[in-house]
Amino acid sequence: MFRATMKSLLARKVRLILSGLAVVLGVMFVSGAFVLTDTLGRSFDSVFADGFSEIDVNVAAKPKVQINEMEGEQTASPLPAAVVDRVKQVPGAASATGIVNADGARVIGSNGKVVTSFGPPQLGENWIGESDLLQLREGRGPQADDEIVINKSLATAAKVQVGQKVGVLTAFESKKREFTLVGVFGYSGDRDSIGGVNEVFFTTPVAQRLMLGEPDVFSSITVRTAPGVSDETLRDDVARTLGPDYEVKTGEQVAADASASLKEGLSFFNKILLGFAAVALLVGTFLILNTFSIIVAQRTRELALMRAIGASGRQIIGSVVLEAIAVGLIASVLGLAAGIGVGALLAFLFGKLAGGLTLAGIGVPAAAVIGSFAVGLVITVVAALLPALRASRIPPIAAMQDVATPDRPLTKVTVAGSLVTAVGAVLLFLGLSGNAGGQTLSTILGGVLFAFIGVALLTPLISRPVVSLLGVIFSWSVPGKLGRLNSGRNPRRTAITAAALMVGIALVTGVTVILDSAKGSISALAQDTIKAELVIAGQQGGPRPPTFDPAVLDRAKTLPGVRMVDGEYGDMARIDGEGTWVAASSDVASLRQIFGAKATAGDIDRLSPTQMLASSDTAKSRGWSVGSTVKVQLTRGAERTFTISGIYESSQLTNPVTLPVTAAKDFAIPQPIQGFIQLAPGTRVADVQPQVEALLADSPEVSVATGTRSSSSR
Amino acid sequence: MTATVGQQAQAAARANDVWKVYGSGEAQVVALRGVSAEFERGRFTAIMGPSGSGKSTLMHCLAGLDSVTRGTVSIGETTVTGLGDAGLTKLRRDKVGFIFQQFNLLPTLTAKENILLPLSIAGRKPDQAWYDTVISTVGLRDRLDHRPAQLSGGQQQRVACARALVSRPEVIFADEPTGNLDSRAGAEVLAFLRDSVRQHGQTIVMVTHDPTAAAYADRVVFLADGEIVSELIEPTAETVLDTMKKLDTPAEVGN
């Protein structure tokens, strides 16, 4: 029996392998996802292990605002320089060095453009000399306040040489500042960068001022242990000395934590690839179902013979399922192999894009193998079950005569299909008309699912008239006529074949419609409501948005024909213990005049340094009203108390909370991210734009574009 | 009429007042009208009749391939009527063999694999001595590794015969086994079937409309309009032909 199954399988191998192709693709995405994340994960492990190899024990202040990967990059709070001396006193500490290390040091290349990063940070640090890891390739370390050294790959990307003047934008200065490049360094093992990270080293006071915003503070303290003391012992001793406001970790812990948080970000790739896998496997299910249905129909006589000479129904099901298992196994093996290739390729591309990440060897994690085989086998076998059941119902007498196995009438399927479609239609109606009572999204999604299954069940019924109608177009030719009759003869088979296509097209159009309408509704809104002729913004390349010099805002206001200028700042803050996005406008009056906000309570046109505004939704959910006092912890500085002075109506263009611009200096990014310029009536945009452009000459990350009122392109 | 030969205990297959009705109302067709017949062990019986006489239906009912409307069918000690799917499967494995007009060999298997297929489905080992006997009787020893497509029609049918014989069933049902063969190949197959009855005591029930084929049997049962109308012992082609001619004019066929 086993041999008979296998031989009949081999006789139809081409057809089966072709139908298994969709499963191969699906499995490929599954295993590719696992291989990619595994390889990148191990690569980052080694990057971080290297990056923190010079640290025995690390001391950092607890971040003021704890945020997760989805909300943005965590910004550590600076710690006072005095802590370094306290750590030095701890017995067992051989040395303690204050380190400045913050993201946002952007080097301007010889072409005048900022060297961008696609993910890895652009660190600005204080020079503390060479180490086992970090070695100067050229020149010397920075000694004067206008000197810097940078790593080799950054020097290559910026096309700058030792001795040249180099412009740098820093975390606290988005206006270009010129430094002399006095040295270029690399890392042990002849590497030009570690994991694509760009590093700029200043003298300690400059680094403190430009990267941390105040003198005599550090980002962290690197401690080396004295001989005979273990890292863990010193860690515990330092922690005891400093108390609970500080995070004390061994170098290994820091590396592991950094790597873990990055890997969390990588799971995004996993999700995209698994999404592709789901689509391919859904289509694959229909294709397999169809192929096996056809094969069973073709083998009716053969299967009837098997029954006549003693095969039980269960054996027949077994033989079809066995074929499915064989197809599934082959598809899984091919898919796994292709997935390893895809994973390796994507890891390679990712490494290139991330600026020369040294990849660990391509690994095939057990999850990839198990996932591939589980998915490939389960999908194939499940899809083959229905045809297998049909095969087991072939009567043995079919071996003796040409028993036409008549199609079961479509009544049952049609009734079921109509019912399911009706349920879907009702749900859709409720959801779309807004009568679902708070469950709008899930009602609509449920409706779509029901309607989809219902229509799939109804396809056999509608396929006959549709096919005969379409067939009319081709019926002038004999093949066309035959094709029309053929596909009309077995509506079920036609429907299943069409369903595979239907699933694919429905998914693609669904995603397109969602993306398009999201884009459409936002731009339509922006079109109607933002009243600004000129917009200052840049293309975000990495995790840090482009920023510009706030002085530009003041200067722009003095240009003739400019009526109002607004610069927008943002930060992830903790308000009453809850993570909240806060904004600050350089001119609060813009809320009403540029963004069309309407006051629902209080005054929204002005803010004193201790007042704040909230949107009506936020105010409602937090129970705020005009006069309420609110405690706000920004990324930097101490907790502040603000009084609500006004509430504006929530819209897609308003922020949950608007703080006075004086608070922006404690934001993680204390520079404006976007600027909006409104012109006086009768002023020509083309007259003002070049002047603003000139103001932005030292802020190369952003440019000025015509805004919504004058152009439709946004 | 009841065709009874030999003792009850020796019947390999038996039909007792079997009725078979297809459809209902206007479209009702009565294929068998109270047929009772016994097919003795170790004999070669042919069922003959004009087309539409119900001879194939009778065989399908006897073999448990089709259900009966009324009456009972039994094979050996087993009552076929009323058996469920599992019982019928066991019956087909242990008691019944088939030979088809279209040979019905699996095209992907070799001759040998086709012959052993029923045993392999049942999960049994072939009895080597009996297997050798069957192979030498059908005379295909040098063709065992060939695929059906590489064999002539006569050879294919001999493979099918060997397949039916190798599990030593109580009864072999042959449905027009020579219908697709030329006369020489047909004669070979029929001689081979007759030999397996004579030499090995196999019971064979064969449906045919060919008087020459029927002449190889020990006994011929004639059907017309769903009833057994006549029977011949030790038939010759001429006596069969004569009886058939009479059947065309039913009035002349007496009891």
# chains A, B, ... in the order shown; residues from 1 in each chain; ligands from 1
>>> interface_residues(of="chain B", to="chain A", cutoff="9 Å", atoms="only C-alpha atoms", output="PDB file with C-alpha atoms, in the first residue's frame")
ATOM      1  CA  HIS B  60     -22.445  -6.770  -8.114  1.00  0.00           C
ATOM      2  CA  LEU B  65     -20.481  -4.097  -4.391  1.00  0.00           C
ATOM      3  CA  ASP B  66     -24.126  -3.108  -4.553  1.00  0.00           C
ATOM      4  CA  ASP B  85     -18.306  -0.743   5.419  1.00  0.00           C
ATOM      5  CA  ALA B  86     -15.790  -2.440   7.710  1.00  0.00           C
ATOM      6  CA  LEU B  88     -17.540  -5.371   3.439  1.00  0.00           C
ATOM      7  CA  THR B  89     -13.876  -4.383   3.430  1.00  0.00           C
ATOM      8  CA  LYS B  90     -13.008  -7.532   5.353  1.00  0.00           C
ATOM      9  CA  LEU B  91     -15.168  -9.580   2.981  1.00  0.00           C
ATOM     10  CA  ARG B  92     -13.353  -8.172  -0.056  1.00  0.00           C
ATOM     11  CA  ARG B  93      -9.999  -8.890   1.532  1.00  0.00           C
ATOM     12  CA  ASP B  94     -10.674 -12.447   2.635  1.00  0.00           C
ATOM     13  CA  VAL B  96     -13.667 -12.211  -2.856  1.00  0.00           C
ATOM     14  CA  GLY B  97     -11.444 -11.643  -5.877  1.00  0.00           C
ATOM     15  CA  PHE B  98     -12.229  -9.606  -8.956  1.00  0.00           C
ATOM     16  CA  PHE B 100     -12.386  -6.765 -14.663  1.00  0.00           C
ATOM     17  CA  GLN B 101     -13.058  -6.223 -18.343  1.00  0.00           C
ATOM     18  CA  GLN B 102     -10.624  -3.244 -18.285  1.00  0.00           C
ATOM     19  CA  ASN B 104      -7.652  -2.369 -13.892  1.00  0.00           C
ATOM     20  CA  LEU B 105      -3.981  -2.743 -13.092  1.00  0.00           C
ATOM     21  CA  LEU B 106      -2.200   0.149 -11.386  1.00  0.00           C
ATOM     22  CA  PRO B 107      -0.091   1.650 -14.174  1.00  0.00           C
ATOM     23  CA  THR B 108       2.661   2.761 -11.803  1.00  0.00           C
ATOM     24  CA  LEU B 109       3.300  -0.686 -10.335  1.00  0.00           C
ATOM     25  CA  GLU B 113       3.597  -5.494  -7.375  1.00  0.00           C
ATOM     26  CA  ASN B 114       0.139  -5.527  -8.944  1.00  0.00           C
ATOM     27  CA  LEU B 117      -1.242  -5.568  -4.055  1.00  0.00           C
ATOM     28  CA  PRO B 118      -4.293  -7.208  -2.373  1.00  0.00           C
ATOM     29  CA  LEU B 119      -2.027  -8.992   0.087  1.00  0.00           C
ATOM     30  CA  SER B 120      -0.069  -5.845   0.785  1.00  0.00           C
ATOM     31  CA  ILE B 121      -3.294  -3.888   1.348  1.00  0.00           C
ATOM     32  CA  ALA B 122      -4.431  -6.524   3.803  1.00  0.00           C
ATOM     33  CA  GLY B 123      -0.982  -6.475   5.385  1.00  0.00           C
ATOM     34  CA  ALA B 164      -7.328 -12.385  -7.993  1.00  0.00           C
ATOM     35  CA  ASP B 175     -16.811  -9.300 -15.248  1.00  0.00           C
TER      36      ASP B 175
END
>>> select_by_dssp(residues="segment 24-124 of chain B", states="helix (DSSP H, G or I)", output="VMD selection string")
chain B and resid 25 to 27 55 to 62 85 to 94 111 to 122
>>> write_last_selection(atoms="C-alpha atoms", output="PDB file, in the first residue's frame")
ATOM      1  CA  GLY B  25     -42.150   6.180  -9.189  1.00  0.00           C
ATOM      2  CA  GLU B  26     -42.211   6.629 -12.967  1.00  0.00           C
ATOM      3  CA  ALA B  27     -38.447   6.178 -13.299  1.00  0.00           C
ATOM      4  CA  LYS B  55     -26.531 -10.190 -15.068  1.00  0.00           C
ATOM      5  CA  SER B  56     -24.039  -7.533 -14.035  1.00  0.00           C
ATOM      6  CA  THR B  57     -26.364  -6.319 -11.285  1.00  0.00           C
ATOM      7  CA  LEU B  58     -26.626  -9.859  -9.949  1.00  0.00           C
ATOM      8  CA  MET B  59     -22.855 -10.153  -9.824  1.00  0.00           C
ATOM      9  CA  HIS B  60     -22.445  -6.770  -8.114  1.00  0.00           C
ATOM     10  CA  CYS B  61     -24.991  -7.796  -5.508  1.00  0.00           C
ATOM     11  CA  LEU B  62     -23.352 -11.188  -4.971  1.00  0.00           C
ATOM     12  CA  ASP B  85     -18.306  -0.743   5.419  1.00  0.00           C
ATOM     13  CA  ALA B  86     -15.790  -2.440   7.710  1.00  0.00           C
ATOM     14  CA  GLY B  87     -17.467  -5.827   7.204  1.00  0.00           C
ATOM     15  CA  LEU B  88     -17.540  -5.371   3.439  1.00  0.00           C
ATOM     16  CA  THR B  89     -13.876  -4.383   3.430  1.00  0.00           C
ATOM     17  CA  LYS B  90     -13.008  -7.532   5.353  1.00  0.00           C
ATOM     18  CA  LEU B  91     -15.168  -9.580   2.981  1.00  0.00           C
ATOM     19  CA  ARG B  92     -13.353  -8.172  -0.056  1.00  0.00           C
ATOM     20  CA  ARG B  93      -9.999  -8.890   1.532  1.00  0.00           C
ATOM     21  CA  ASP B  94     -10.674 -12.447   2.635  1.00  0.00           C
ATOM     22  CA  ALA B 111       3.283  -6.850 -12.713  1.00  0.00           C
ATOM     23  CA  LYS B 112       4.605  -8.444  -9.552  1.00  0.00           C
ATOM     24  CA  GLU B 113       3.597  -5.494  -7.375  1.00  0.00           C
ATOM     25  CA  ASN B 114       0.139  -5.527  -8.944  1.00  0.00           C
ATOM     26  CA  ILE B 115      -0.236  -9.226  -8.198  1.00  0.00           C
ATOM     27  CA  LEU B 116       0.783  -8.766  -4.574  1.00  0.00           C
ATOM     28  CA  LEU B 117      -1.242  -5.568  -4.055  1.00  0.00           C
ATOM     29  CA  PRO B 118      -4.293  -7.208  -2.373  1.00  0.00           C
ATOM     30  CA  LEU B 119      -2.027  -8.992   0.087  1.00  0.00           C
ATOM     31  CA  SER B 120      -0.069  -5.845   0.785  1.00  0.00           C
ATOM     32  CA  ILE B 121      -3.294  -3.888   1.348  1.00  0.00           C
ATOM     33  CA  ALA B 122      -4.431  -6.524   3.803  1.00  0.00           C
TER      34      ALA B 122
END
>>> atom_distance(atom1="atom CA of Ala226 of chain A", atom2="atom CA of Ala94 of chain A")
4.4 Å
>>> closest_residue(among="B:Gly42, B:Pro177, B:Gly34, B:Gly49", to="Leu223 of chain B", atoms="only C-alpha atoms")
B:Gly49
>>> residues_around(residues="Ala207 of chain A", least_positions_apart="2", cutoff="9 Å", atoms="only C-alpha atoms", output="short mmCIF file (atom, residue, chain, number, x, y, z; two decimals) with C-alpha atoms, in the first residue's frame")
data_model
loop_
_atom_site.label_atom_id
_atom_site.label_comp_id
_atom_site.auth_asym_id
_atom_site.auth_seq_id
_atom_site.Cartn_x
_atom_site.Cartn_y
_atom_site.Cartn_z
CA VAL A 100 29.83 61.62 28.08
CA ASN A 101 27.98 59.53 25.55
CA GLY A 124 29.00 62.43 20.73
CA GLU A 125 31.54 61.62 23.50
CA ASN A 126 34.36 62.98 25.60
CA TRP A 127 37.91 61.92 24.72
CA PHE A 201 34.95 62.75 20.41
CA PHE A 202 35.22 66.24 21.91
CA THR A 203 37.13 67.48 24.92
CA THR A 204 35.20 66.73 28.09
CA PRO A 205 33.80 70.28 28.74
CA ARG A 209 27.89 71.32 27.06
CA LEU A 210 26.94 70.22 23.54
CA MET A 211 25.78 66.68 24.19
CA LEU A 212 24.33 66.90 27.72
CA GLY A 213 23.40 70.58 27.86
CA PRO A 215 28.64 71.58 32.55
#
>>> residues_around(residues="Lys165 of chain A", least_positions_apart="5", cutoff="12 Å", atoms="only C-alpha atoms", output="ChimeraX atom specification")
/A:107-110,146-149,158-160,176-183
>>> atom_distance(atom1="atom CA of Leu659 of chain A", atom2="atom CA of Leu559 of chain A")
26.5 Å
>>> residues_around(residues="Gly431 of chain A", least_positions_apart="6", cutoff="9 Å", atoms="only C-alpha atoms", output="list in words")
Gly437, Gln439, Thr440, Leu441, Ser442, Thr443, Ile444, Leu445 and Gly447 of chain A
>>> closest_residue(among="A:Leu133, A:Val565, A:Ala422, A:Met612", to="Val661 of chain A", atoms="only C-alpha atoms")
A:Met612
>>> select_by_dssp(residues="segment 17-180 of chain B", states="strand (DSSP E)", output="ChimeraX atom specification")
/B:17-22,29-40,44-48,70-75,78-79,96-99,171-175
>>> write_last_selection(atoms="N, CA and C atoms", output="short mmCIF file (atom, residue, chain, number, x, y, z; two decimals), in the first residue's frame")
data_model
loop_
_atom_site.label_atom_id
_atom_site.label_comp_id
_atom_site.auth_asym_id
_atom_site.auth_seq_id
_atom_site.Cartn_x
_atom_site.Cartn_y
_atom_site.Cartn_z
N ASP B 17 -33.78 -15.03 -3.06
CA ASP B 17 -34.90 -14.12 -3.38
C ASP B 17 -34.45 -12.66 -3.43
N VAL B 18 -33.45 -12.42 -4.28
CA VAL B 18 -32.86 -11.07 -4.34
C VAL B 18 -33.62 -10.18 -5.31
N TRP B 19 -34.01 -9.03 -4.80
CA TRP B 19 -34.64 -8.01 -5.61
C TRP B 19 -33.74 -6.78 -5.65
N LYS B 20 -33.68 -6.17 -6.82
CA LYS B 20 -32.93 -4.92 -6.89
C LYS B 20 -33.75 -3.92 -7.69
N VAL B 21 -34.10 -2.83 -7.05
CA VAL B 21 -34.93 -1.81 -7.70
C VAL B 21 -34.18 -0.49 -7.69
N TYR B 22 -34.04 0.09 -8.85
CA TYR B 22 -33.41 1.42 -8.95
C TYR B 22 -34.47 2.49 -9.10
N VAL B 29 -36.89 1.21 -12.07
CA VAL B 29 -36.42 0.10 -12.90
C VAL B 29 -36.18 -1.08 -11.99
N VAL B 30 -36.79 -2.20 -12.31
CA VAL B 30 -36.54 -3.40 -11.50
C VAL B 30 -35.49 -4.22 -12.23
N ALA B 31 -34.28 -4.28 -11.64
CA ALA B 31 -33.18 -4.97 -12.30
C ALA B 31 -33.18 -6.46 -11.97
N LEU B 32 -33.51 -6.79 -10.74
CA LEU B 32 -33.59 -8.21 -10.34
C LEU B 32 -34.94 -8.45 -9.69
N ARG B 33 -35.60 -9.58 -10.11
CA ARG B 33 -36.92 -9.88 -9.54
C ARG B 33 -36.86 -11.22 -8.83
N GLY B 34 -36.48 -11.22 -7.62
CA GLY B 34 -36.52 -12.44 -6.82
C GLY B 34 -35.61 -13.53 -7.32
N VAL B 35 -34.35 -13.21 -7.50
CA VAL B 35 -33.41 -14.21 -8.00
C VAL B 35 -32.90 -15.04 -6.83
N SER B 36 -32.96 -16.35 -6.97
CA SER B 36 -32.31 -17.23 -5.99
C SER B 36 -31.37 -18.13 -6.76
N ALA B 37 -30.11 -18.18 -6.31
CA ALA B 37 -29.15 -19.01 -7.02
C ALA B 37 -28.05 -19.42 -6.07
N GLU B 38 -27.43 -20.58 -6.34
CA GLU B 38 -26.29 -21.02 -5.55
C GLU B 38 -25.13 -21.31 -6.48
N PHE B 39 -23.95 -20.94 -6.05
CA PHE B 39 -22.76 -21.17 -6.87
C PHE B 39 -21.82 -22.06 -6.08
N GLU B 40 -21.67 -23.31 -6.59
CA GLU B 40 -20.98 -24.32 -5.81
C GLU B 40 -19.49 -24.06 -5.76
N PHE B 44 -16.91 -23.56 -11.98
CA PHE B 44 -16.79 -22.40 -12.84
C PHE B 44 -18.17 -22.13 -13.42
N THR B 45 -18.82 -21.06 -12.92
CA THR B 45 -20.18 -20.76 -13.35
C THR B 45 -20.19 -19.50 -14.20
N ALA B 46 -20.94 -19.55 -15.31
CA ALA B 46 -21.10 -18.35 -16.12
C ALA B 46 -22.52 -17.84 -15.96
N ILE B 47 -22.65 -16.50 -15.89
CA ILE B 47 -23.97 -15.88 -15.89
C ILE B 47 -24.13 -15.22 -17.25
N MET B 48 -25.17 -15.62 -17.96
CA MET B 48 -25.37 -15.08 -19.31
C MET B 48 -26.74 -14.41 -19.40
N ARG B 70 -34.21 -6.31 -1.59
CA ARG B 70 -34.85 -7.32 -0.74
C ARG B 70 -34.12 -8.62 -0.91
N GLY B 71 -34.24 -9.52 0.04
CA GLY B 71 -33.56 -10.80 -0.07
C GLY B 71 -32.20 -10.75 0.58
N THR B 72 -31.49 -11.88 0.54
CA THR B 72 -30.17 -11.91 1.17
C THR B 72 -29.16 -12.54 0.23
N VAL B 73 -27.91 -12.15 0.45
CA VAL B 73 -26.80 -12.70 -0.30
C VAL B 73 -25.79 -13.18 0.71
N SER B 74 -25.19 -14.34 0.45
CA SER B 74 -24.11 -14.74 1.35
C SER B 74 -22.97 -15.34 0.56
N ILE B 75 -21.78 -15.19 1.12
CA ILE B 75 -20.58 -15.77 0.52
C ILE B 75 -19.97 -16.66 1.58
N THR B 78 -20.55 -16.26 5.34
CA THR B 78 -20.84 -14.86 5.68
C THR B 78 -22.08 -14.36 4.98
N THR B 79 -22.99 -13.76 5.73
CA THR B 79 -24.14 -13.11 5.12
C THR B 79 -23.71 -11.70 4.72
N VAL B 96 -13.26 -12.54 -1.50
CA VAL B 96 -13.67 -12.21 -2.86
C VAL B 96 -12.47 -11.73 -3.68
N GLY B 97 -12.43 -12.17 -4.94
CA GLY B 97 -11.44 -11.64 -5.88
C GLY B 97 -12.17 -11.13 -7.10
N PHE B 98 -11.57 -10.16 -7.77
CA PHE B 98 -12.23 -9.61 -8.96
C PHE B 98 -11.32 -9.68 -10.17
N ILE B 99 -11.96 -9.94 -11.33
CA ILE B 99 -11.26 -9.76 -12.61
C ILE B 99 -12.17 -8.87 -13.45
N VAL B 171 -14.49 -16.88 -3.62
CA VAL B 171 -15.05 -16.76 -4.96
C VAL B 171 -14.28 -15.70 -5.73
N ILE B 172 -14.06 -15.96 -7.04
CA ILE B 172 -13.56 -14.91 -7.92
C ILE B 172 -14.70 -14.50 -8.83
N PHE B 173 -15.00 -13.22 -8.85
CA PHE B 173 -16.00 -12.70 -9.77
C PHE B 173 -15.29 -12.09 -10.96
N ALA B 174 -15.66 -12.57 -12.16
CA ALA B 174 -15.02 -12.06 -13.37
C ALA B 174 -16.08 -11.38 -14.22
N ASP B 175 -15.83 -10.10 -14.51
CA ASP B 175 -16.81 -9.30 -15.25
C ASP B 175 -16.35 -9.15 -16.69
#
>>> residues_around(residues="Met502 of chain A", least_positions_apart="6", cutoff="12 Å", atoms="only C-alpha atoms", output="MDAnalysis selection string")
chainID A and resid 279 282:283 286:287 452:453 455:456 459 494:496 508:510
